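**Q** I have a structure here, written as C-alpha cells, and I will follow up with some questions on it.
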Amino acid sequence: MVRESGPRSAKFAGLGYYLPERVLTNFDFEKMVDTSDEWIVTRTGIRERHIAKEEEAASDLAINAARKAMADARVEAKDIDLIVVGTATSDYPFPSTASIVQREIGARNAAAFDVAAACSGFIYSITIAQSMIIAGKVRRALVIGVETLSRITDYTDRTTCVLFGDGAGAVVLDPCESGEGILATCMKTDGSYTDLLYQPVGGSRTPLTEERIRNREQFVKMKGDGLFKYAVKAMVGAAETVLRDAGLKISDIDFVIPHQANLRIIDGVRNRLGVSPEKVIVNIDRVGNTSSASIPIAFCEAKDKEIIKRDDLILMVAFGGGLTWGAALLKY
Ligand SMILES: CC(C)(COP(=O)(O)OP(=O)(O)OC[C@H]1O[C@@H](n2cnc3c(N)ncnc32)[C@H](O)[C@@H]1OP(=O)(O)O)[C@@H](O)C(=O)NCCC(=O)NCCS
C-alpha cells in the first residue's frame with residue numbers, strides 16, 4: 001500500500017562510531033601464528049584491527065557509537081521510536097543486543113530488535129528501518145552495526161584470525177521527502193552456501209559440548225576462496241540494481257563505501273564498477289573486517305575528516321555470510 005501522505009524516505013540525521021582502544025597489529029600476529037605482515041598486507045590490505053576488552057560486550061560498543069550518533073543528530077533518547085541492531089556477535093543468544101542498548105541509553109519509547117545478516121547487517125537494518133518510517137510505523141530510528149568478532153575468532157587459525165576486528169557504527173534515521181536521504185536499497189540472499197562462512201556450534205543444530213569446544217568448533221569457519229569469487233559479482237550486481245532503481249549512473253556517485261572484508265575484493269568491485277580509487281572509502285588497513293559495523297564506521301570516519309559532505313551521493317554495498325548481500329544509495 002502506498003500512503004497518500006507522510007515521509008517518502010529516511011535520511012542520515014547523525015552518525016557515530018566506536019573502536020575499542022586495544023589494537024592488534026600484524027606484527028602481534030607474527031608472534032601468535034605462522035604468518036607475516038607481508039602476507040597479510042598483500043592478501044588482505046589489513047595492517048591492524050581493534051579488539052574489545054574482556055569486559056566489553058557488543059552492547060558496550062554499540063552504546064558508545066549510538067550516543068555519538070544521537071549527539072551528532074541532536075536527538076534525545078526518548079525521541080527514538082525504533083532501535084535496530086545488525087550483529088552476528090550479540091551479548092547473549094537472547095535477549096537482543098538492541099534491548100540492552102534501549103535500556104542503557106534510556107530510549108523508553110523505542111521498540112528494539114536485532115537483525116542477523118552477518119556482514120550485510122547494516123544495509124539490511126537501514127532498509128528495514130527506512131521501510132518502517134515510510135510506512136508510518138515509526139518516526140525516528142537508531143540503526144547500529146556492531147561486532148565483537150574477536151569472541152568467535154580462533155586465534156590459532158591463521159586463515160581467519162588475521163581478518164577480523166571489533167567495532168560499532170550508528171546512524172539516526174529521520175523521515176524526509178523523496179529525492180533526499182535513502183534513494184534506493186537492495187537486499188539479496190543465497191542460502192545454498194551457508195557453509196562458506198559460519199559459526200558451526202552454539203545454536204540449536206549443534207549445541208555447545210565439551211568435545212565440540214575441544215575441537216574448537218565454536219569459532220567462525222570460512223572458505224575464503226569461494227567467498228571471494230562470489231563477493232565481487234554479488235556486490236557489483238547489488239550496486240547496479242540500486243543505481244538503476246534510482247535512475248542514476250555510477251559517474252553520478254561521489255563516494256562508494258564498500259564493506260571492508262578484503263582490499264582485493266574492494267578493488268575488484270571498484271574496477272568492475274569503473275570507479276576511481278579516490279572515490280572509494282577504505283579503512284580496512286586500520287580496522288580489519290568488522291562485519292556489520294564496517295560501513296557505518298567507514299562512513300563516519302570519512303564524515304569526521306570532511307571527506308564526505310552533506311548532499312554527496314553515497315553508494316554503500318555489502319556482502320557476508322548467509323550468503324547475504326545488498327546495497328543502499330544515499331543523498332547525504
Ligand atoms: C582469506 C583470504 C585472504 C585468503 O587469501 P588467498 O589468496 O585466497 O589465500 P589462500 O586461501 O589461497 O591460501 C594460500 C596459502 O596461504 C596460506 N595462508 C592462509 N592464511 C595465511 C596467513 N594468515 N599467513 C600466511 N599464510 C596464510 C594458506 O594456508 C595457503 O597455504 P597452502 O597453499 O600451503 O595451503 C581470501 O581468500 C579472502 O579474503 N577471502 C574472502 C574472505 C572474506 O571476504 N570473508 C568475509 C566475507 S564478508
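The chains in the C-alpha cells are called A, B, ... from first to last as shown; in each chain the residues are counted from 1, and the ligands are counted from 1 in the order shown.
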Quick one: residues within 8 Å of ligand 1, with only C-alpha atoms and all ligand atoms, as a ChimeraX atom specification?

**A** /A:33-36,39-40,43-44,118-120,158-163,197,222-228,231,259-262,264-265,289,291,318-321

**Q** Mind checking DSSP for stretch 200-306 of chain A and telling me the strand (DSSP E or B) residues as a PDB file with C-alpha atoms, in the first residue's frame?

**A**
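The result, stored in states-v3.pdb:
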ATOM      1  CA  LYS A 221      34.847 -21.158   9.918  1.00  0.00           C
ATOM      2  CA  MET A 222      35.458 -19.725   6.481  1.00  0.00           C
ATOM      3  CA  PHE A 255      31.715   8.110  -2.869  1.00  0.00           C
ATOM      4  CA  VAL A 256      31.417   4.336  -2.679  1.00  0.00           C
ATOM      5  CA  ILE A 257      31.571   2.794   0.814  1.00  0.00           C
ATOM      6  CA  PRO A 258      32.038  -0.952   0.421  1.00  0.00           C
ATOM      7  CA  VAL A 280      36.187   4.674  -2.614  1.00  0.00           C
ATOM      8  CA  ASN A 289      36.817  -6.759   8.799  1.00  0.00           C
TER       9      ASN A 289
END

**Q** Quick one: DSSP helix (DSSP H, G or I) residues in stretch 222-315 of chain A, as a PDB file with N, CA and C atoms, in the first residue's frame?

**A**
ATOM      1  N   GLY A 224      37.561 -19.023   2.349  1.00  0.00           N
ATOM      2  CA  GLY A 224      37.833 -17.687   1.818  1.00  0.00           C
ATOM      3  C   GLY A 224      37.782 -17.602   0.305  1.00  0.00           C
ATOM      4  N   ASP A 225      38.265 -18.651  -0.347  1.00  0.00           N
ATOM      5  CA  ASP A 225      38.361 -18.623  -1.800  1.00  0.00           C
ATOM      6  C   ASP A 225      36.974 -18.532  -2.458  1.00  0.00           C
ATOM      7  N   GLY A 226      36.060 -19.419  -1.985  1.00  0.00           N
ATOM      8  CA  GLY A 226      34.695 -19.431  -2.528  1.00  0.00           C
ATOM      9  C   GLY A 226      33.992 -18.105  -2.297  1.00  0.00           C
ATOM     10  N   LEU A 227      34.204 -17.543  -1.109  1.00  0.00           N
ATOM     11  CA  LEU A 227      33.558 -16.266  -0.776  1.00  0.00           C
ATOM     12  C   LEU A 227      34.040 -15.154  -1.685  1.00  0.00           C
ATOM     13  N   PHE A 228      35.346 -15.145  -1.894  1.00  0.00           N
ATOM     14  CA  PHE A 228      35.974 -14.088  -2.681  1.00  0.00           C
ATOM     15  C   PHE A 228      35.322 -13.966  -4.059  1.00  0.00           C
ATOM     16  N   LYS A 229      35.190 -15.139  -4.718  1.00  0.00           N
ATOM     17  CA  LYS A 229      34.646 -15.125  -6.090  1.00  0.00           C
ATOM     18  C   LYS A 229      33.204 -14.630  -6.111  1.00  0.00           C
ATOM     19  N   TYR A 230      32.432 -15.122  -5.142  1.00  0.00           N
ATOM     20  CA  TYR A 230      31.015 -14.765  -5.088  1.00  0.00           C
ATOM     21  C   TYR A 230      30.846 -13.278  -4.765  1.00  0.00           C
ATOM     22  N   ALA A 231      31.707 -12.792  -3.826  1.00  0.00           N
ATOM     23  CA  ALA A 231      31.521 -11.447  -3.263  1.00  0.00           C
ATOM     24  C   ALA A 231      31.567 -10.357  -4.331  1.00  0.00           C
ATOM     25  N   VAL A 232      32.576 -10.417  -5.195  1.00  0.00           N
ATOM     26  CA  VAL A 232      32.749  -9.323  -6.160  1.00  0.00           C
ATOM     27  C   VAL A 232      31.529  -9.235  -7.078  1.00  0.00           C
ATOM     28  N   LYS A 233      31.125 -10.407  -7.609  1.00  0.00           N
ATOM     29  CA  LYS A 233      29.984 -10.434  -8.534  1.00  0.00           C
ATOM     30  C   LYS A 233      28.700  -9.936  -7.858  1.00  0.00           C
ATOM     31  N   ALA A 234      28.477 -10.426  -6.638  1.00  0.00           N
ATOM     32  CA  ALA A 234      27.249 -10.069  -5.916  1.00  0.00           C
ATOM     33  C   ALA A 234      27.208  -8.576  -5.591  1.00  0.00           C
ATOM     34  N   MET A 235      28.326  -8.044  -5.134  1.00  0.00           N
ATOM     35  CA  MET A 235      28.352  -6.628  -4.741  1.00  0.00           C
ATOM     36  C   MET A 235      28.153  -5.720  -5.955  1.00  0.00           C
ATOM     37  N   VAL A 236      28.772  -6.091  -7.071  1.00  0.00           N
ATOM     38  CA  VAL A 236      28.592  -5.292  -8.295  1.00  0.00           C
ATOM     39  C   VAL A 236      27.122  -5.341  -8.727  1.00  0.00           C
ATOM     40  N   GLY A 237      26.511  -6.543  -8.661  1.00  0.00           N
ATOM     41  CA  GLY A 237      25.100  -6.688  -9.042  1.00  0.00           C
ATOM     42  C   GLY A 237      24.189  -5.822  -8.184  1.00  0.00           C
ATOM     43  N   ALA A 238      24.438  -5.814  -6.861  1.00  0.00           N
ATOM     44  CA  ALA A 238      23.602  -5.009  -5.951  1.00  0.00           C
ATOM     45  C   ALA A 238      23.781  -3.518  -6.226  1.00  0.00           C
ATOM     46  N   ALA A 239      25.027  -3.119  -6.487  1.00  0.00           N
ATOM     47  CA  ALA A 239      25.300  -1.701  -6.775  1.00  0.00           C
ATOM     48  C   ALA A 239      24.553  -1.275  -8.045  1.00  0.00           C
ATOM     49  N   GLU A 240      24.603  -2.131  -9.064  1.00  0.00           N
ATOM     50  CA  GLU A 240      23.921  -1.794 -10.328  1.00  0.00           C
ATOM     51  C   GLU A 240      22.404  -1.727 -10.134  1.00  0.00           C
ATOM     52  N   THR A 241      21.875  -2.591  -9.272  1.00  0.00           N
ATOM     53  CA  THR A 241      20.429  -2.579  -9.015  1.00  0.00           C
ATOM     54  C   THR A 241      19.974  -1.253  -8.405  1.00  0.00           C
ATOM     55  N   VAL A 242      20.687  -0.782  -7.360  1.00  0.00           N
ATOM     56  CA  VAL A 242      20.230   0.465  -6.722  1.00  0.00           C
ATOM     57  C   VAL A 242      20.453   1.679  -7.630  1.00  0.00           C
ATOM     58  N   LEU A 243      21.524   1.636  -8.432  1.00  0.00           N
ATOM     59  CA  LEU A 243      21.742   2.745  -9.372  1.00  0.00           C
ATOM     60  C   LEU A 243      20.588   2.813 -10.366  1.00  0.00           C
ATOM     61  N   ARG A 244      20.223   1.639 -10.893  1.00  0.00           N
ATOM     62  CA  ARG A 244      19.120   1.575 -11.875  1.00  0.00           C
ATOM     63  C   ARG A 244      17.815   2.043 -11.225  1.00  0.00           C
ATOM     64  N   ASP A 245      17.535   1.544 -10.004  1.00  0.00           N
ATOM     65  CA  ASP A 245      16.277   1.903  -9.334  1.00  0.00           C
ATOM     66  C   ASP A 245      16.193   3.398  -9.038  1.00  0.00           C
ATOM     67  N   ALA A 246      17.343   4.029  -8.803  1.00  0.00           N
ATOM     68  CA  ALA A 246      17.338   5.467  -8.502  1.00  0.00           C
ATOM     69  C   ALA A 246      17.477   6.305  -9.777  1.00  0.00           C
ATOM     70  N   ILE A 250      26.844   5.397 -12.402  1.00  0.00           N
ATOM     71  CA  ILE A 250      27.956   5.316 -11.449  1.00  0.00           C
ATOM     72  C   ILE A 250      28.756   6.624 -11.450  1.00  0.00           C
ATOM     73  N   SER A 251      28.787   7.314 -12.584  1.00  0.00           N
ATOM     74  CA  SER A 251      29.531   8.587 -12.649  1.00  0.00           C
ATOM     75  C   SER A 251      28.868   9.685 -11.812  1.00  0.00           C
ATOM     76  N   ASP A 252      27.576   9.481 -11.438  1.00  0.00           N
ATOM     77  CA  ASP A 252      26.898  10.468 -10.577  1.00  0.00           C
ATOM     78  C   ASP A 252      27.337  10.356  -9.115  1.00  0.00           C
ATOM     79  N   LEU A 263      40.912  -5.947   0.811  1.00  0.00           N
ATOM     80  CA  LEU A 263      41.196  -4.862  -0.131  1.00  0.00           C
ATOM     81  C   LEU A 263      41.096  -5.335  -1.578  1.00  0.00           C
ATOM     82  N   ARG A 264      41.413  -6.628  -1.799  1.00  0.00           N
ATOM     83  CA  ARG A 264      41.340  -7.133  -3.179  1.00  0.00           C
ATOM     84  C   ARG A 264      39.887  -7.263  -3.642  1.00  0.00           C
ATOM     85  N   ILE A 265      38.969  -7.560  -2.709  1.00  0.00           N
ATOM     86  CA  ILE A 265      37.536  -7.571  -3.067  1.00  0.00           C
ATOM     87  C   ILE A 265      37.090  -6.140  -3.388  1.00  0.00           C
ATOM     88  N   ILE A 266      37.516  -5.202  -2.548  1.00  0.00           N
ATOM     89  CA  ILE A 266      37.142  -3.794  -2.757  1.00  0.00           C
ATOM     90  C   ILE A 266      37.651  -3.325  -4.132  1.00  0.00           C
ATOM     91  N   ASP A 267      38.908  -3.665  -4.444  1.00  0.00           N
ATOM     92  CA  ASP A 267      39.476  -3.259  -5.746  1.00  0.00           C
ATOM     93  C   ASP A 267      38.742  -3.930  -6.903  1.00  0.00           C
ATOM     94  N   GLY A 268      38.355  -5.202  -6.707  1.00  0.00           N
ATOM     95  CA  GLY A 268      37.608  -5.925  -7.735  1.00  0.00           C
ATOM     96  C   GLY A 268      36.276  -5.236  -8.020  1.00  0.00           C
ATOM     97  N   VAL A 269      35.574  -4.853  -6.965  1.00  0.00           N
ATOM     98  CA  VAL A 269      34.279  -4.178  -7.115  1.00  0.00           C
ATOM     99  C   VAL A 269      34.481  -2.819  -7.794  1.00  0.00           C
ATOM    100  N   ARG A 270      35.488  -2.108  -7.343  1.00  0.00           N
ATOM    101  CA  ARG A 270      35.773  -0.773  -7.893  1.00  0.00           C
ATOM    102  C   ARG A 270      36.083  -0.850  -9.395  1.00  0.00           C
ATOM    103  N   ASN A 271      36.917  -1.820  -9.770  1.00  0.00           N
ATOM    104  CA  ASN A 271      37.271  -1.973 -11.197  1.00  0.00           C
ATOM    105  C   ASN A 271      36.060  -2.326 -12.031  1.00  0.00           C
ATOM    106  N   ARG A 272      35.264  -3.283 -11.523  1.00  0.00           N
ATOM    107  CA  ARG A 272      34.093  -3.720 -12.297  1.00  0.00           C
ATOM    108  C   ARG A 272      33.064  -2.596 -12.434  1.00  0.00           C
ATOM    109  N   LEU A 273      32.969  -1.740 -11.396  1.00  0.00           N
ATOM    110  CA  LEU A 273      32.004  -0.630 -11.485  1.00  0.00           C
ATOM    111  C   LEU A 273      32.571   0.538 -12.287  1.00  0.00           C
ATOM    112  N   PRO A 277      39.950   5.296  -7.640  1.00  0.00           N
ATOM    113  CA  PRO A 277      40.265   4.945  -6.251  1.00  0.00           C
ATOM    114  C   PRO A 277      39.909   6.037  -5.232  1.00  0.00           C
ATOM    115  N   GLU A 278      40.065   7.314  -5.618  1.00  0.00           N
ATOM    116  CA  GLU A 278      39.810   8.374  -4.621  1.00  0.00           C
ATOM    117  C   GLU A 278      38.327   8.504  -4.257  1.00  0.00           C
ATOM    118  N   LYS A 279      37.470   7.819  -5.017  1.00  0.00           N
ATOM    119  CA  LYS A 279      36.035   7.867  -4.690  1.00  0.00           C
ATOM    120  C   LYS A 279      35.605   6.696  -3.805  1.00  0.00           C
ATOM    121  N   ILE A 284      40.156  -0.428   5.823  1.00  0.00           N
ATOM    122  CA  ILE A 284      40.421  -1.814   6.243  1.00  0.00           C
ATOM    123  C   ILE A 284      41.830  -1.961   6.809  1.00  0.00           C
ATOM    124  N   ASP A 285      42.780  -1.143   6.360  1.00  0.00           N
ATOM    125  CA  ASP A 285      44.157  -1.232   6.869  1.00  0.00           C
ATOM    126  C   ASP A 285      44.197  -1.005   8.378  1.00  0.00           C
ATOM    127  N   ARG A 286      43.302  -0.177   8.914  1.00  0.00           N
ATOM    128  CA  ARG A 286      43.332   0.166  10.335  1.00  0.00           C
ATOM    129  C   ARG A 286      42.292  -0.560  11.180  1.00  0.00           C
ATOM    130  N   VAL A 287      41.263  -1.135  10.549  1.00  0.00           N
ATOM    131  CA  VAL A 287      40.177  -1.740  11.353  1.00  0.00           C
ATOM    132  C   VAL A 287      39.900  -3.207  11.020  1.00  0.00           C
ATOM    133  N   SER A 291      32.661  -6.640   9.967  1.00  0.00           N
ATOM    134  CA  SER A 291      31.352  -7.182   9.593  1.00  0.00           C
ATOM    135  C   SER A 291      30.287  -6.082   9.503  1.00  0.00           C
ATOM    136  N   SER A 292      29.185  -6.218  10.226  1.00  0.00           N
ATOM    137  CA  SER A 292      28.074  -5.264  10.051  1.00  0.00           C
ATOM    138  C   SER A 292      28.445  -3.842  10.465  1.00  0.00           C
ATOM    139  N   ALA A 293      29.556  -3.667  11.181  1.00  0.00           N
ATOM    140  CA  ALA A 293      29.951  -2.320  11.619  1.00  0.00           C
ATOM    141  C   ALA A 293      30.795  -1.597  10.573  1.00  0.00           C
ATOM    142  N   SER A 294      31.258  -2.317   9.544  1.00  0.00           N
ATOM    143  CA  SER A 294      32.292  -1.727   8.680  1.00  0.00           C
ATOM    144  C   SER A 294      31.805  -0.498   7.911  1.00  0.00           C
ATOM    145  N   ILE A 295      30.622  -0.549   7.350  1.00  0.00           N
ATOM    146  CA  ILE A 295      30.150   0.584   6.533  1.00  0.00           C
ATOM    147  C   ILE A 295      29.888   1.830   7.392  1.00  0.00           C
ATOM    148  N   PRO A 296      29.128   1.718   8.504  1.00  0.00           N
ATOM    149  CA  PRO A 296      28.918   2.952   9.284  1.00  0.00           C
ATOM    150  C   PRO A 296      30.206   3.503   9.906  1.00  0.00           C
ATOM    151  N   ILE A 297      31.170   2.633  10.261  1.00  0.00           N
ATOM    152  CA  ILE A 297      32.445   3.152  10.793  1.00  0.00           C
ATOM    153  C   ILE A 297      33.169   3.933   9.689  1.00  0.00           C
ATOM    154  N   ALA A 298      33.274   3.332   8.504  1.00  0.00           N
ATOM    155  CA  ALA A 298      33.987   3.992   7.394  1.00  0.00           C
ATOM    156  C   ALA A 298      33.291   5.303   7.009  1.00  0.00           C
ATOM    157  N   PHE A 299      31.966   5.283   6.987  1.00  0.00           N
ATOM    158  CA  PHE A 299      31.171   6.478   6.646  1.00  0.00           C
ATOM    159  C   PHE A 299      31.471   7.589   7.656  1.00  0.00           C
ATOM    160  N   CYS A 300      31.372   7.247   8.933  1.00  0.00           N
ATOM    161  CA  CYS A 300      31.506   8.253   9.980  1.00  0.00           C
ATOM    162  C   CYS A 300      32.921   8.828  10.025  1.00  0.00           C
ATOM    163  N   GLU A 301      33.926   7.954   9.864  1.00  0.00           N
ATOM    164  CA  GLU A 301      35.313   8.448   9.808  1.00  0.00           C
ATOM    165  C   GLU A 301      35.474   9.452   8.664  1.00  0.00           C
ATOM    166  N   ALA A 302      34.938   9.110   7.492  1.00  0.00           N
ATOM    167  CA  ALA A 302      35.082   9.976   6.310  1.00  0.00           C
ATOM    168  C   ALA A 302      34.319  11.292   6.504  1.00  0.00           C
ATOM    169  N   LYS A 303      33.204  11.220   7.202  1.00  0.00           N
ATOM    170  CA  LYS A 303      32.449  12.452   7.518  1.00  0.00           C
ATOM    171  C   LYS A 303      33.247  13.324   8.495  1.00  0.00           C
ATOM    172  N   ASP A 304      33.809  12.695   9.532  1.00  0.00           N
ATOM    173  CA  ASP A 304      34.576  13.451  10.533  1.00  0.00           C
ATOM    174  C   ASP A 304      35.804  14.123   9.907  1.00  0.00           C
TER     175      ASP A 304
END

**Q** I'd like the contact shell of A:Asp37 - 9 Å cut-off, only C-alpha atoms, skipping same-chain residues fewer than 6 positions apart - returned as number ranges by chain.

**A** A: 25-27, 29-30, 46-47

**Q** So that I can check the surroundings of A:Met187, please list as a list in words every protein, DNA and RNA residue that reaches within 8 Å of it, counting only C-alpha atoms and ignoring chain neighbours fewer than 3 positions away.

**A**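 The neighbour list is Ile123, Tyr124, Ala238, Thr324, Trp325, Gly326 and Ala327 of chain A.
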
**Q** Keeping N, CA and C atoms for every residue in the selection just given, could you write it to a file as a CSV table (one decimal), in the first residue's frame?

**A**
chain,number,residue,atom,x,y,z
A,123,ILE,N,23.2,-2.8,6.0
A,123,ILE,CA,22.4,-2.5,4.9
A,123,ILE,C,21.0,-3.0,5.1
A,124,TYR,N,20.9,-4.3,5.6
A,124,TYR,CA,19.6,-4.8,5.9
A,124,TYR,C,18.8,-4.0,7.0
A,238,ALA,N,24.4,-5.8,-6.9
A,238,ALA,CA,23.6,-5.0,-6.0
A,238,ALA,C,23.8,-3.5,-6.2
A,324,THR,N,24.6,-13.3,2.3
A,324,THR,CA,23.7,-12.1,2.2
A,324,THR,C,24.5,-11.0,1.5
A,325,TRP,N,23.8,-10.2,0.8
A,325,TRP,CA,24.4,-9.0,0.2
A,325,TRP,C,23.4,-8.0,-0.1
A,326,GLY,N,23.8,-6.8,-0.4
A,326,GLY,CA,22.9,-5.7,-0.6
A,326,GLY,C,23.6,-4.4,-0.8
A,327,ALA,N,22.8,-3.4,-1.1
A,327,ALA,CA,23.4,-2.0,-1.4
A,327,ALA,C,22.3,-1.0,-1.0

**Q** Find the residues near stretch 87-92 of chain A: any atom within 9 Å, counting only C-alpha atoms, skip ones fewer than 4 places away on the same chain, and give them as a PDB file with C-alpha atoms, in the first residue's frame.

**A**
ATOM      1  CA  ALA A  57      30.404  -6.707  25.111  1.00  0.00           C
ATOM      2  CA  ALA A  58      28.763  -5.816  21.794  1.00  0.00           C
ATOM      3  CA  SER A  59      26.219  -3.572  23.526  1.00  0.00           C
ATOM      4  CA  SER A  96      18.668  -8.916  21.690  1.00  0.00           C
ATOM      5  CA  THR A  97      21.573  -6.515  21.902  1.00  0.00           C
ATOM      6  CA  ALA A  98      19.075  -3.872  20.780  1.00  0.00           C
ATOM      7  CA  ILE A 100      20.230  -3.783  26.087  1.00  0.00           C
ATOM      8  CA  ASP A 114      18.449  -7.391  16.213  1.00  0.00           C
ATOM      9  CA  VAL A 115      18.948  -8.338  12.572  1.00  0.00           C
ATOM     10  CA  ALA A 116      21.058 -11.399  11.726  1.00  0.00           C
ATOM     11  CA  ALA A 117      22.502 -10.808   8.261  1.00  0.00           C
ATOM     12  CA  ALA A 118      26.232 -11.102   9.069  1.00  0.00           C
ATOM     13  CA  CYS A 119      28.340  -8.516   7.214  1.00  0.00           C
ATOM     14  CA  GLY A 121      23.603  -6.387   8.725  1.00  0.00           C
ATOM     15  CA  PHE A 122      23.872  -2.616   8.374  1.00  0.00           C
ATOM     16  CA  ILE A 144      23.584   0.237  14.688  1.00  0.00           C
ATOM     17  CA  GLY A 145      26.052  -2.205  13.155  1.00  0.00           C
ATOM     18  CA  VAL A 146      28.181  -3.782  15.877  1.00  0.00           C
ATOM     19  CA  GLU A 147      30.526  -6.745  16.160  1.00  0.00           C
ATOM     20  CA  THR A 148      32.764  -8.357  18.730  1.00  0.00           C
ATOM     21  CA  LEU A 149      34.148 -10.872  16.233  1.00  0.00           C
ATOM     22  CA  ARG A 151      34.888 -13.517  20.687  1.00  0.00           C
ATOM     23  CA  ILE A 152      34.253 -16.065  17.927  1.00  0.00           C
ATOM     24  CA  SER A 291      31.352  -7.182   9.593  1.00  0.00           C
ATOM     25  CA  SER A 292      28.074  -5.264  10.051  1.00  0.00           C
ATOM     26  CA  ALA A 293      29.951  -2.320  11.619  1.00  0.00           C
TER      27      ALA A 293
END

**Q** Select, from A:Ile308, A:Thr290, A:Ser125, A:Val220, the residue with the minimum atom-to-atom distance to A:Leu196, counting only C-alpha atoms.

**A**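 Ranking A:Ile308, A:Thr290, A:Ser125, A:Val220 by distance to A:Leu196, first place goes to A:Val220.
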
**Q** Between A:Ala168, A:Ile128, A:Leu183, A:Ala110, which is the closest to A:Gly16 once you count only C-alpha atoms?

**A**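 The answer is A:Ala168, which sits nearest to A:Gly16.
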